[in-house]
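Text of the file upload-v4.cif, holding mmCIF, C-alpha atoms:
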data_model
#
loop_
_atom_site.label_atom_id
_atom_site.label_comp_id
_atom_site.auth_asym_id
_atom_site.auth_seq_id
_atom_site.Cartn_x
_atom_site.Cartn_y
_atom_site.Cartn_z
CA MET A 1 78.78 102.95 92.58
CA ALA A 2 79.04 102.96 96.36
CA GLY A 3 75.42 101.99 96.78
CA SER A 4 74.87 99.98 93.60
CA ASN A 5 76.65 97.65 91.24
CA GLU A 6 74.72 99.01 88.26
CA ILE A 7 77.03 100.69 85.76
CA SER A 8 77.12 101.96 82.23
CA LYS A 9 78.70 99.08 80.35
CA PRO A 10 81.73 100.18 78.26
CA LYS A 11 81.23 99.61 74.54
CA TRP A 12 84.42 97.59 74.23
CA LEU A 13 83.22 95.11 76.87
CA ASN A 14 81.28 93.15 74.25
CA THR A 15 80.80 89.63 72.90
CA ALA A 16 83.97 89.77 70.81
CA PHE A 17 86.02 90.76 73.87
CA PHE A 18 84.65 87.95 76.01
CA GLU A 19 85.10 85.38 73.25
CA SER A 20 88.75 86.43 72.85
CA ALA A 21 89.29 86.18 76.61
CA LEU A 22 87.69 82.76 77.05
CA ARG A 23 89.24 81.31 73.92
CA SER A 24 92.65 82.47 75.10
CA ALA A 25 92.17 80.93 78.54
CA GLU A 26 90.24 77.81 77.63
CA GLU A 27 90.04 76.69 74.00
CA GLU A 28 89.08 77.93 70.55
CA ASN A 29 85.75 76.11 70.46
CA ILE A 30 83.87 78.71 72.57
CA THR A 31 81.00 80.93 71.51
CA VAL A 32 79.63 83.60 73.86
CA ILE A 33 75.84 83.68 74.11
CA SER A 34 75.34 86.60 76.52
CA SER A 35 77.07 88.66 79.20
CA GLU A 36 76.03 90.77 82.17
CA VAL A 37 78.49 93.34 83.53
CA LYS A 38 78.44 94.94 86.97
CA ALA A 39 80.86 96.95 89.09
CA ALA A 40 83.16 94.59 90.99
CA THR A 41 84.25 97.03 93.71
CA ALA A 42 82.89 99.93 95.72
CA VAL A 43 84.14 103.51 95.60
CA GLY A 44 87.53 103.78 97.32
CA ASP A 45 88.54 100.15 96.91
CA ASN A 46 90.54 100.84 93.73
CA TYR A 47 92.36 104.06 92.85
CA GLY A 48 94.17 103.12 89.64
CA SER A 49 91.65 101.03 87.70
CA ASP A 50 88.02 100.23 87.05
CA MET A 51 86.92 96.74 88.10
CA TYR A 52 84.06 94.90 86.42
CA ARG A 53 82.46 91.56 87.23
CA ALA A 54 81.13 89.84 84.12
CA PHE A 55 78.70 86.91 84.16
CA VAL A 56 79.22 85.24 80.80
CA LYS A 57 77.10 82.46 79.27
CA PHE A 58 78.85 80.55 76.49
CA LYS A 59 78.78 77.34 74.48
CA ARG A 60 81.70 74.92 74.43
CA GLY A 61 80.86 72.68 71.54
CA SER A 62 77.28 71.63 72.20
CA GLU A 63 77.41 72.29 75.97
CA THR A 64 76.21 75.56 77.53
CA GLU A 65 78.24 76.88 80.48
CA GLU A 66 78.44 80.00 82.66
CA ILE A 67 81.41 81.72 84.25
CA SER A 68 82.02 84.78 86.40
CA ILE A 69 85.22 86.68 85.59
CA ILE A 70 86.85 89.93 86.64
CA VAL A 71 87.86 92.53 84.06
CA LYS A 72 90.35 95.10 85.30
CA ALA A 73 90.50 98.16 83.03
CA SER A 74 92.62 101.29 82.96
CA LYS A 75 91.11 104.56 84.09
CA ASP A 76 90.12 107.20 81.56
CA LEU A 77 93.49 108.56 80.40
CA SER A 78 91.80 111.78 79.28
CA GLN A 79 91.82 112.74 82.97
CA GLU A 80 95.14 114.40 83.75
CA ILE A 81 95.92 112.60 87.02
CA TYR A 82 95.38 109.14 85.54
CA ALA A 83 97.30 110.05 82.40
CA LYS A 84 100.30 111.04 84.54
CA VAL A 85 100.18 108.17 87.01
CA LEU A 86 99.26 105.35 84.63
CA GLY A 87 101.02 106.79 81.62
CA ALA A 88 104.39 107.29 83.32
CA MET A 89 105.00 103.63 82.56
CA ASN A 90 102.70 101.15 80.86
CA VAL A 91 101.62 99.60 84.13
CA PHE A 92 98.97 97.38 82.58
CA ILE A 93 101.44 95.74 80.21
CA GLN A 94 103.79 95.20 83.15
CA GLU A 95 101.02 93.70 85.28
CA ALA A 96 99.93 91.42 82.43
CA ALA A 97 103.52 90.19 82.11
CA ALA A 98 103.52 89.34 85.81
CA PHE A 99 100.30 87.32 85.52
CA ALA A 100 101.00 85.66 82.18
CA ILE A 101 104.73 84.92 82.40
CA VAL A 102 106.28 85.32 85.85
CA PHE A 103 103.62 83.89 88.14
CA PRO A 104 103.15 80.62 86.20
CA ALA A 105 106.91 80.10 86.29
CA MET A 106 106.93 80.76 90.04
CA TYR A 107 104.08 78.26 90.54
CA ASN A 108 105.99 75.66 88.54
CA LEU A 109 108.89 76.02 90.95
CA LEU A 110 106.70 75.77 94.04
CA ASN A 111 104.69 72.86 92.68
CA GLU A 112 107.82 70.77 92.47
CA VAL A 113 107.67 70.55 96.28
CA PRO A 114 104.54 68.69 97.49
CA SER A 115 104.37 70.53 100.82
CA ILE A 116 104.13 73.94 99.15
CA SER A 117 102.35 73.04 95.91
CA ASN A 118 98.90 74.32 94.96
CA GLN A 119 99.29 77.48 97.02
CA PRO A 120 98.72 80.32 94.52
CA PHE A 121 99.13 83.89 95.71
CA ALA A 122 97.04 85.54 93.00
CA ALA A 123 93.96 84.98 90.83
CA LYS A 124 94.22 82.82 87.71
CA TYR A 125 95.07 84.84 84.61
CA PHE A 126 92.88 84.53 81.51
CA TYR A 127 93.67 87.28 79.01
CA SER A 128 94.93 90.83 78.48
CA HIS A 129 94.48 93.45 75.79
CA SER A 130 95.82 96.96 75.24
CA ASP A 131 95.16 99.59 72.58
CA GLU A 132 95.03 103.39 72.34
CA THR A 133 91.69 103.58 74.18
CA VAL A 134 91.95 101.13 77.06
CA SER A 135 94.10 98.44 78.62
CA SER A 136 92.51 95.49 80.37
CA ILE A 137 93.29 92.24 82.16
CA VAL A 138 90.82 89.36 82.62
CA LEU A 139 91.17 87.28 85.78
CA GLN A 140 89.48 84.56 87.78
CA ASP A 141 86.67 85.85 90.01
CA LEU A 142 88.03 85.18 93.49
CA LYS A 143 84.64 85.95 95.03
CA VAL A 144 83.25 82.81 93.40
CA GLU A 145 86.06 80.88 95.11
CA GLY A 146 84.98 82.22 98.50
CA PHE A 147 87.47 85.10 98.82
CA ARG A 148 86.49 88.56 100.01
CA LEU A 149 88.03 91.75 101.33
CA ALA A 150 88.74 91.62 105.04
CA ASP A 151 86.02 92.59 107.48
CA ASN A 152 86.43 95.70 109.66
CA ARG A 153 89.01 97.20 107.30
CA THR A 154 88.73 100.63 108.91
CA SER A 155 90.44 99.28 112.03
CA GLY A 156 93.20 97.36 110.20
CA LEU A 157 94.06 93.67 110.00
CA ASP A 158 94.41 91.62 113.18
CA LEU A 159 97.50 89.57 113.95
CA LYS A 160 96.21 86.33 112.38
CA HIS A 161 95.58 88.09 109.07
CA CYS A 162 98.97 89.81 109.25
CA LEU A 163 100.87 86.58 109.93
CA LEU A 164 99.13 84.91 106.98
CA VAL A 165 100.14 87.82 104.75
CA MET A 166 103.72 87.54 106.01
CA LYS A 167 103.87 83.83 105.14
CA THR A 168 102.38 84.38 101.70
CA ILE A 169 104.55 87.32 100.68
CA ALA A 170 107.59 85.38 101.92
CA ARG A 171 106.65 82.51 99.58
CA PHE A 172 106.20 85.03 96.76
CA HIS A 173 109.60 86.62 97.44
CA ALA A 174 111.40 83.28 97.76
CA ALA A 175 110.00 81.90 94.51
CA SER A 176 110.96 85.08 92.68
CA LEU A 177 114.51 84.90 94.03
CA VAL A 178 115.03 81.33 92.83
CA LEU A 179 113.43 82.04 89.47
CA TYR A 180 115.69 85.06 89.03
CA GLN A 181 118.73 82.81 89.44
CA ASN A 182 117.39 80.60 86.66
CA ASP A 183 116.18 83.28 84.26
CA PRO A 184 117.07 86.89 85.16
CA LYS A 185 115.81 88.20 81.80
CA MET A 186 112.26 87.34 82.84
CA PHE A 187 112.46 90.14 85.39
CA GLU A 188 113.68 92.90 83.07
CA PRO A 189 110.18 94.51 82.87
CA PHE A 190 110.24 94.90 86.66
CA MET A 191 113.46 96.81 87.13
CA ASP A 192 111.58 100.12 87.37
CA ASN A 193 108.16 101.25 88.51
CA ILE A 194 106.29 104.55 88.41
CA PHE A 195 107.79 105.70 91.72
CA SER A 196 111.37 104.62 91.08
CA ILE A 197 111.78 106.64 87.88
CA ASP A 198 112.66 110.32 88.19
CA LYS A 199 109.46 111.68 86.72
CA ASP A 200 106.63 113.88 87.96
CA ILE A 201 103.65 111.51 88.10
CA GLY A 202 101.35 114.11 89.55
CA ILE A 203 100.89 112.92 93.12
CA GLY A 204 103.74 114.64 94.96
CA GLU A 205 101.41 117.46 95.99
CA MET A 206 98.88 114.94 97.31
CA PHE A 207 101.58 113.25 99.40
CA ALA A 208 102.76 116.61 100.75
CA GLU A 209 99.20 117.67 101.57
CA ASN A 210 98.64 114.45 103.54
CA VAL A 211 101.76 115.22 105.58
CA ASN A 212 100.53 118.80 106.05
CA LYS A 213 97.13 117.62 107.27
CA VAL A 214 98.77 115.32 109.82
CA ALA A 215 101.02 118.18 110.93
CA LYS A 216 97.98 120.44 111.48
CA GLU A 217 96.41 117.74 113.62
CA VAL A 218 99.60 117.18 115.66
CA GLU A 219 99.78 120.94 116.25
CA THR A 220 96.66 120.52 118.44
CA TRP A 221 98.32 117.78 120.58
CA PRO A 222 100.39 119.55 123.30
CA ASP A 223 102.33 116.41 124.25
CA TYR A 224 103.50 115.87 120.66
CA ARG A 225 103.84 119.37 119.28
CA GLU A 226 107.30 120.20 120.60
CA LYS A 227 109.06 116.98 119.56
CA ILE A 228 107.21 116.01 116.38
CA LEU A 229 105.77 119.05 114.60
CA GLN A 230 108.92 120.50 113.04
CA LYS A 231 110.01 117.03 111.90
CA LEU A 232 106.73 116.62 110.07
CA HIS A 233 107.23 119.95 108.32
CA ASN A 234 110.71 118.79 107.25
CA ILE A 235 109.23 115.58 105.83
CA ARG A 236 106.56 117.51 103.93
CA ASP A 237 109.16 119.47 101.99
CA THR A 238 110.92 116.32 100.70
CA VAL A 239 108.21 113.66 100.84
CA MET A 240 108.29 112.57 97.18
CA GLU A 241 112.07 112.59 97.07
CA GLN A 242 112.28 110.49 100.23
CA TRP A 243 109.57 108.08 99.01
CA ARG A 244 111.40 107.52 95.74
CA LYS A 245 114.72 107.08 97.52
CA ALA A 246 113.27 104.46 99.88
CA ILE A 247 111.93 102.16 97.19
CA THR A 248 114.72 102.60 94.65
CA ARG A 249 116.69 99.41 94.28
CA ASN A 250 120.22 99.15 95.60
CA ASP A 251 121.91 96.30 93.74
CA GLU A 252 124.25 95.78 96.69
CA GLU A 253 121.29 94.82 98.90
CA PHE A 254 119.15 91.69 99.11
CA ASN A 255 116.48 92.09 96.41
CA VAL A 256 113.37 90.16 95.40
CA LEU A 257 110.25 90.75 93.32
CA CYS A 258 108.08 92.94 95.54
CA HIS A 259 104.35 93.36 95.20
CA GLY A 260 104.95 97.11 95.53
CA ASP A 261 101.51 98.09 96.84
CA LEU A 262 100.89 95.57 99.60
CA TRP A 263 98.00 97.03 101.58
CA LEU A 264 94.74 95.54 102.77
CA ASN A 265 92.64 96.68 99.78
CA ASN A 266 94.98 94.67 97.53
CA MET A 267 94.32 91.32 99.15
CA MET A 268 91.34 89.02 99.50
CA PHE A 269 90.85 86.39 102.19
CA ARG A 270 89.03 83.08 102.48
CA TYR A 271 87.64 81.99 105.82
CA SER A 272 86.74 78.60 107.33
CA ASP A 273 83.04 77.77 107.02
CA ASP A 274 83.27 75.95 110.37
CA THR A 275 85.31 78.30 112.54
CA GLY A 276 85.27 81.61 110.67
CA GLU A 277 89.06 81.76 111.00
CA VAL A 278 91.07 83.18 108.11
CA GLU A 279 92.70 80.42 106.03
CA GLU A 280 94.02 81.79 102.73
CA VAL A 281 94.92 85.06 101.06
CA ARG A 282 95.25 86.12 97.43
CA PHE A 283 97.03 89.31 96.39
CA VAL A 284 95.59 91.58 93.70
CA ASP A 285 96.79 94.64 91.78
CA PHE A 286 100.38 94.11 90.64
CA GLN A 287 100.78 97.42 88.80
CA LEU A 288 103.65 98.52 91.05
CA THR A 289 105.45 95.15 91.13
CA TYR A 290 109.16 95.88 91.22
CA TRP A 291 112.53 94.23 91.86
CA THR A 292 113.84 95.78 95.09
CA SER A 293 114.40 95.14 98.80
CA PRO A 294 111.73 93.05 100.57
CA ALA A 295 111.78 95.75 103.25
CA VAL A 296 109.66 97.85 100.86
CA ASP A 297 106.78 95.37 101.03
CA LEU A 298 107.24 94.70 104.74
CA GLN A 299 107.37 98.28 105.99
CA TYR A 300 104.53 99.36 103.71
CA PHE A 301 102.18 96.51 104.65
CA ILE A 302 102.79 96.68 108.39
CA HIS A 303 102.43 100.45 108.63
CA THR A 304 99.45 100.84 106.32
CA SER A 305 97.36 97.79 107.12
CA ALA A 306 98.02 96.27 110.56
CA SER A 307 95.60 97.17 113.33
CA ALA A 308 96.86 99.11 116.33
CA GLU A 309 96.92 95.88 118.35
CA ALA A 310 98.76 93.94 115.62
CA LEU A 311 101.38 96.70 115.34
CA GLU A 312 102.50 95.83 118.85
CA HIS A 313 103.67 92.49 117.39
CA SER A 314 105.57 93.81 114.37
CA GLU A 315 108.73 91.92 115.40
CA LEU A 316 106.75 88.68 115.43
CA MET A 317 105.48 89.45 111.92
CA ILE A 318 109.02 90.00 110.65
CA GLN A 319 110.20 86.79 112.31
CA GLU A 320 107.33 84.88 110.67
CA TYR A 321 108.31 86.35 107.32
CA TYR A 322 111.97 85.46 107.80
CA ASN A 323 111.31 81.88 108.93
CA THR A 324 109.00 81.26 105.98
CA LEU A 325 111.37 82.86 103.47
CA CYS A 326 114.30 80.72 104.62
CA GLY A 327 112.15 77.61 104.84
CA ILE A 328 110.88 77.99 101.26
CA LEU A 329 114.39 78.66 99.92
CA ALA A 330 115.57 75.48 101.63
CA LEU A 331 112.68 73.45 100.17
CA LEU A 332 113.50 74.85 96.74
CA LYS A 333 117.08 73.64 97.26
CA HIS A 334 118.57 77.13 97.30
CA PRO A 335 119.60 77.53 100.96
CA HIS A 336 122.63 79.53 99.85
CA LEU A 337 120.25 82.36 98.95
CA GLN A 338 118.95 82.68 102.51
CA PRO A 339 119.67 86.13 104.00
CA THR A 340 120.59 86.58 107.64
CA MET A 341 118.07 88.05 110.02
CA ALA A 342 120.56 90.83 110.67
CA LEU A 343 120.50 91.73 106.97
CA ILE A 344 116.69 91.89 106.89
CA ASN A 345 116.65 94.05 110.02
CA ARG A 346 119.30 96.35 108.55
CA GLU A 347 117.24 96.90 105.39
CA LEU A 348 114.14 97.54 107.49
CA GLU A 349 116.08 100.07 109.55
CA THR A 350 117.43 101.74 106.41
CA ARG A 351 113.82 102.21 105.33
CA GLY A 352 112.57 103.48 108.66
CA LEU A 353 111.53 106.79 107.12
CA TYR A 354 109.55 104.82 104.52
CA ALA A 355 107.57 103.30 107.41
CA VAL A 356 106.84 106.84 108.61
CA LEU A 357 105.82 107.99 105.13
CA SER A 358 103.60 104.93 104.65
CA THR A 359 101.87 105.74 107.92
CA ILE A 360 101.33 109.40 107.11
CA VAL A 361 100.65 109.23 103.37
CA CYS A 362 98.76 105.94 103.04
CA ARG A 363 97.52 104.64 106.39
CA ASN A 364 95.04 107.50 106.64
CA ILE A 365 93.47 106.34 103.35
CA VAL A 366 93.10 102.81 104.75
CA PHE A 367 91.47 104.11 107.92
CA VAL A 368 89.28 106.72 106.25
CA ASP A 369 85.58 106.92 107.11
CA ARG A 370 83.94 104.80 104.38
CA SER A 371 81.25 107.47 103.94
CA LYS A 372 83.96 109.99 103.03
CA ILE A 373 85.92 108.08 100.41
CA PRO A 374 88.51 110.35 98.73
CA ASP A 375 88.65 110.79 94.98
CA LEU A 376 92.16 110.51 93.56
CA GLU A 377 91.84 113.45 91.18
CA LYS A 378 90.33 115.72 93.84
CA MET A 379 92.99 114.68 96.35
CA THR A 380 95.63 116.15 94.05
CA LYS A 381 93.84 119.48 93.74
CA GLU A 382 91.91 120.20 96.93
CA SER A 383 93.59 120.69 100.26
CA ASP A 384 90.60 119.67 102.36
CA THR A 385 89.52 116.47 100.63
CA LEU A 386 91.01 113.89 103.00
CA GLN A 387 89.61 113.77 106.53
CA LEU A 388 91.51 112.01 109.32
CA SER A 389 89.39 109.42 111.12
CA GLU A 390 89.45 109.07 114.90
CA VAL A 391 90.84 105.52 114.58
CA TYR A 392 93.70 106.86 112.46
CA LYS A 393 94.44 109.67 114.92
CA GLU A 394 94.68 107.20 117.79
CA SER A 395 97.12 105.03 115.85
CA LEU A 396 99.22 108.11 115.08
CA LYS A 397 99.46 108.90 118.79
CA LYS A 398 101.03 105.47 119.30
CA LEU A 399 103.26 105.41 116.22
CA LEU A 400 104.76 108.90 116.13
CA PRO A 401 106.55 108.61 119.51
CA LEU A 402 107.80 105.16 118.48
CA PHE A 403 109.19 106.57 115.23
CA GLU A 404 110.84 109.38 117.18
CA VAL A 405 112.52 106.95 119.60
CA LYS A 406 113.78 104.79 116.73
CA GLY A 407 115.21 107.85 115.00
CA TRP A 408 113.05 107.29 111.91
CA ILE A 409 111.56 110.77 112.12
#
Spit out the file's structure as structure tokens when you get a sec.
Amino acid sequence: MAGSNEISKPKWLNTAFFESALRSAEEENITVISSEVKAATAVGDNYGSDMYRAFVKFKRGSETEEISIIVKASKDLSQEIYAKVLGAMNVFIQEAAAFAIVFPAMYNLLNEVPSISNQPFAAKYFYSHSDETVSSIVLQDLKVEGFRLADNRTSGLDLKHCLLVMKTIARFHAASLVLYQNDPKMFEPFMDNIFSIDKDIGIGEMFAENVNKVAKEVETWPDYREKILQKLHNIRDTVMEQWRKAITRNDEEFNVLCHGDLWLNNMMFRYSDDTGEVEEVRFVDFQLTYWTSPAVDLQYFIHTSASAEALEHSELMIQEYYNTLCGILALLKHPHLQPTMALINRELETRGLYAVLSTIVCRNIVFVDRSKIPDLEKMTKESDTLQLSEVYKESLKKLLPLFEVKGWI
């Protein structure tokens, strides 16, 4: 799939499926004439699902139309790793609830304010289906709308991209906070996610092996070995426990609906035709969406996805997030919900180790050589699957001393 979009079309991805999807999203008077299905992503762009792009020709009454849609389907649950990770909770049902119920309600809130209306943060939802063989969600094809994955992803996002993400996730968090005040029951499906529950989901060994691989690399760096190496070994022995502790909600803290997996492969950008500058972002993949501290999204995004240069402006990113969050809450007439900057900084500091873990466990996947894309199942079984890129090593040399000074490691 890395070199071609040609795939073996799943049997369930048939005329009946597409008619159900389009009738659900549009109207009953639709008849599908034909469909063409291709892979929507390359190897390594999605680890928890299969993505298909379907070009569907249909009749609406007497008129013939065409549409391109995205079908997101669960991995083969006969494979042990996917059965553990995706079966620990029904993540597709949870994601469908986010698209079908929560997001429209959040948009309704935002659209009441002209200055922030018509600013969606995700693709339009069409349809979802789940049975014993497969779960799927049908969404708007953002590529048709001019969105694409960021360029030069192996070096991370530049500051302009990062600031745009900060503004957008702040709007997402603010809308969720206001909606929660109005209807807390709507968020009941999001009070746990696959990492927050105390269950072996089969990736603890992969996390530990990533830490071990970084430790082996640091062992060859004389200037780092004495101060950092033993601390990395200590992290390795408790990595899953510490990861779970970091994201687990504390009801005494400031909590919002977090994306939960906010890294650069889970966002698409649209650029100006005139200047080439980034203008809009849409988030994808809400399988780990979870009610918890916004520091979870912030630390994870910054330390997995920002370029080395952008990381030097992490305080500016947080300030942009805070200003937007408070501004949106004020526009939504809920200024009493605004946190203090001190509170946000305290929650970020509390999750300092989570920033370290995000860097060690996940940033190396972002910065991996695209010709050596890791396979999720192999990564859980083979110690030498993941190779550290030179770009990633250079970022580690900057971040590890910073973590040590801050007392995060």
| request: Point out the residue among A:Glu188, A:Glu205, A:Glu347, A:Glu19 with the least atom-to-atom distance to Glu253 of chain A, counting all atoms listed in the file. | output: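 Closest candidate: A:Glu347.
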| task | Output the residue selection produced by the PyMOL selection byres ((chain A and resi 356) around 8) on the file above, formatted as a list in words. | result |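 In the shown coordinates, the PyMOL selection byres ((chain A and resi 356) around 8) covers His303, Gly352, Leu353, Tyr354, Ala355, Leu357, Ser358, Thr359, Ile360, Phe403, Trp408 and Ile409 of chain A.
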Do a neighbour search on segment 129-144 of chain A at 7 Å with all atoms listed in the file, toss out local chain neighbours closer than 2 positions, and write the hits as a compact mmCIF listing (two decimals) with C-alpha atoms, in the frame of the given file.
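What landed in result04.txt:
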# COMPACT_ATOMS: atom_id res chain seq x y z
CA ALA A 21 89.29 86.18 76.61
CA SER A 68 82.02 84.78 86.40
CA ILE A 69 85.22 86.68 85.59
CA ILE A 70 86.85 89.93 86.64
CA VAL A 71 87.86 92.53 84.06
CA LYS A 72 90.35 95.10 85.30
CA ALA A 73 90.50 98.16 83.03
CA SER A 74 92.62 101.29 82.96
CA PHE A 92 98.97 97.38 82.58
CA ALA A 96 99.93 91.42 82.43
CA ALA A 123 93.96 84.98 90.83
CA LYS A 124 94.22 82.82 87.71
CA TYR A 125 95.07 84.84 84.61
CA PHE A 126 92.88 84.53 81.51
CA TYR A 127 93.67 87.28 79.01
CA GLY A 146 84.98 82.22 98.50
CA PHE A 147 87.47 85.10 98.82
CA ARG A 148 86.49 88.56 100.01
| said: Using all atoms listed in the file, can you tell me which of A:Glu95, A:Glu36, A:Glu217, A:Asp158 comes closest to Glu66 of chain A? | reply: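 The answer is A:Glu36, which sits nearest to Glu66 of chain A.
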| task | Point out the residue among A:Leu332, A:Arg363, A:Trp291, A:Lys245 with the least atom-to-atom distance to Leu109 of chain A, counting all atoms listed in the file. | result |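 Going through A:Leu332, A:Arg363, A:Trp291, A:Lys245 one by one, the smallest distance to Leu109 of chain A is for A:Leu332.
Pairwise distance (atom CA of Ile247 of chain A, atom CA of Ser49 of chain A) equals 22.4 Å.
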| task | Find the residues near Ala16 of chain A: any atom within 12 Å, counting all atoms listed in the file, skip ones fewer than 5 places away on the same chain, and give them as an MDAnalysis selection string. | result | chainID A and resid 11 21:23 30:35 56 58
| Surrounding residues of Gly156 of chain A excluding itself and chain neighbours under 3 positions, 9 Å, all atoms listed in the file, as a PyMOL selection string | chain A and resi 150+152-153+264+304-308+310+366-367
Could you add whatever atoms are missing so that segment 107-121 of chain A carries N, CA, C and O atoms, then write the result as a short mmCIF file (atom, residue, chain, number, x, y, z; two decimals), in the coordinates of the input?
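Below is the file result33.cif, written as the result:
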data_model
loop_
_atom_site.label_atom_id
_atom_site.label_comp_id
_atom_site.auth_asym_id
_atom_site.auth_seq_id
_atom_site.Cartn_x
_atom_site.Cartn_y
_atom_site.Cartn_z
N TYR A 107 104.90 79.40 90.09
CA TYR A 107 104.08 78.26 90.54
C TYR A 107 104.73 76.94 90.15
O TYR A 107 104.69 75.97 90.91
N ASN A 108 105.32 76.89 88.96
CA ASN A 108 105.99 75.66 88.54
C ASN A 108 107.11 75.28 89.50
O ASN A 108 107.31 74.09 89.81
N LEU A 109 107.84 76.28 89.96
CA LEU A 109 108.89 76.02 90.95
C LEU A 109 108.30 75.47 92.25
O LEU A 109 108.74 74.45 92.77
N LEU A 110 107.29 76.16 92.76
CA LEU A 110 106.70 75.77 94.04
C LEU A 110 106.01 74.41 93.96
O LEU A 110 106.03 73.64 94.93
N ASN A 111 105.42 74.12 92.81
CA ASN A 111 104.69 72.86 92.68
C ASN A 111 105.59 71.65 92.58
O ASN A 111 105.11 70.51 92.65
N GLU A 112 106.88 71.88 92.44
CA GLU A 112 107.82 70.77 92.47
C GLU A 112 107.99 70.21 93.87
O GLU A 112 108.52 69.11 94.05
N VAL A 113 107.55 70.97 94.87
CA VAL A 113 107.67 70.55 96.28
C VAL A 113 106.27 70.28 96.81
O VAL A 113 105.47 71.21 96.95
N PRO A 114 105.92 69.03 97.09
CA PRO A 114 104.54 68.69 97.49
C PRO A 114 104.01 69.52 98.65
O PRO A 114 102.85 69.92 98.67
N SER A 115 104.85 69.83 99.62
CA SER A 115 104.37 70.53 100.82
C SER A 115 104.01 71.99 100.56
O SER A 115 103.33 72.61 101.38
N ILE A 116 104.46 72.54 99.45
CA ILE A 116 104.13 73.94 99.15
C ILE A 116 103.45 74.08 97.79
O ILE A 116 103.31 75.19 97.27
N SER A 117 103.02 72.98 97.21
CA SER A 117 102.35 73.04 95.91
C SER A 117 100.90 73.49 96.08
O SER A 117 100.33 73.44 97.17
N ASN A 118 100.31 73.91 94.98
CA ASN A 118 98.90 74.32 94.96
C ASN A 118 98.58 75.41 95.98
O ASN A 118 97.55 75.39 96.62
N GLN A 119 99.52 76.35 96.14
CA GLN A 119 99.29 77.48 97.02
C GLN A 119 99.49 78.78 96.23
O GLN A 119 100.46 79.50 96.42
N PRO A 120 98.57 79.09 95.30
CA PRO A 120 98.72 80.32 94.52
C PRO A 120 98.59 81.55 95.39
O PRO A 120 97.98 81.51 96.45
N PHE A 121 99.21 82.64 94.95
CA PHE A 121 99.13 83.89 95.71
C PHE A 121 98.38 84.96 94.94
O PHE A 121 98.32 86.11 95.38
#
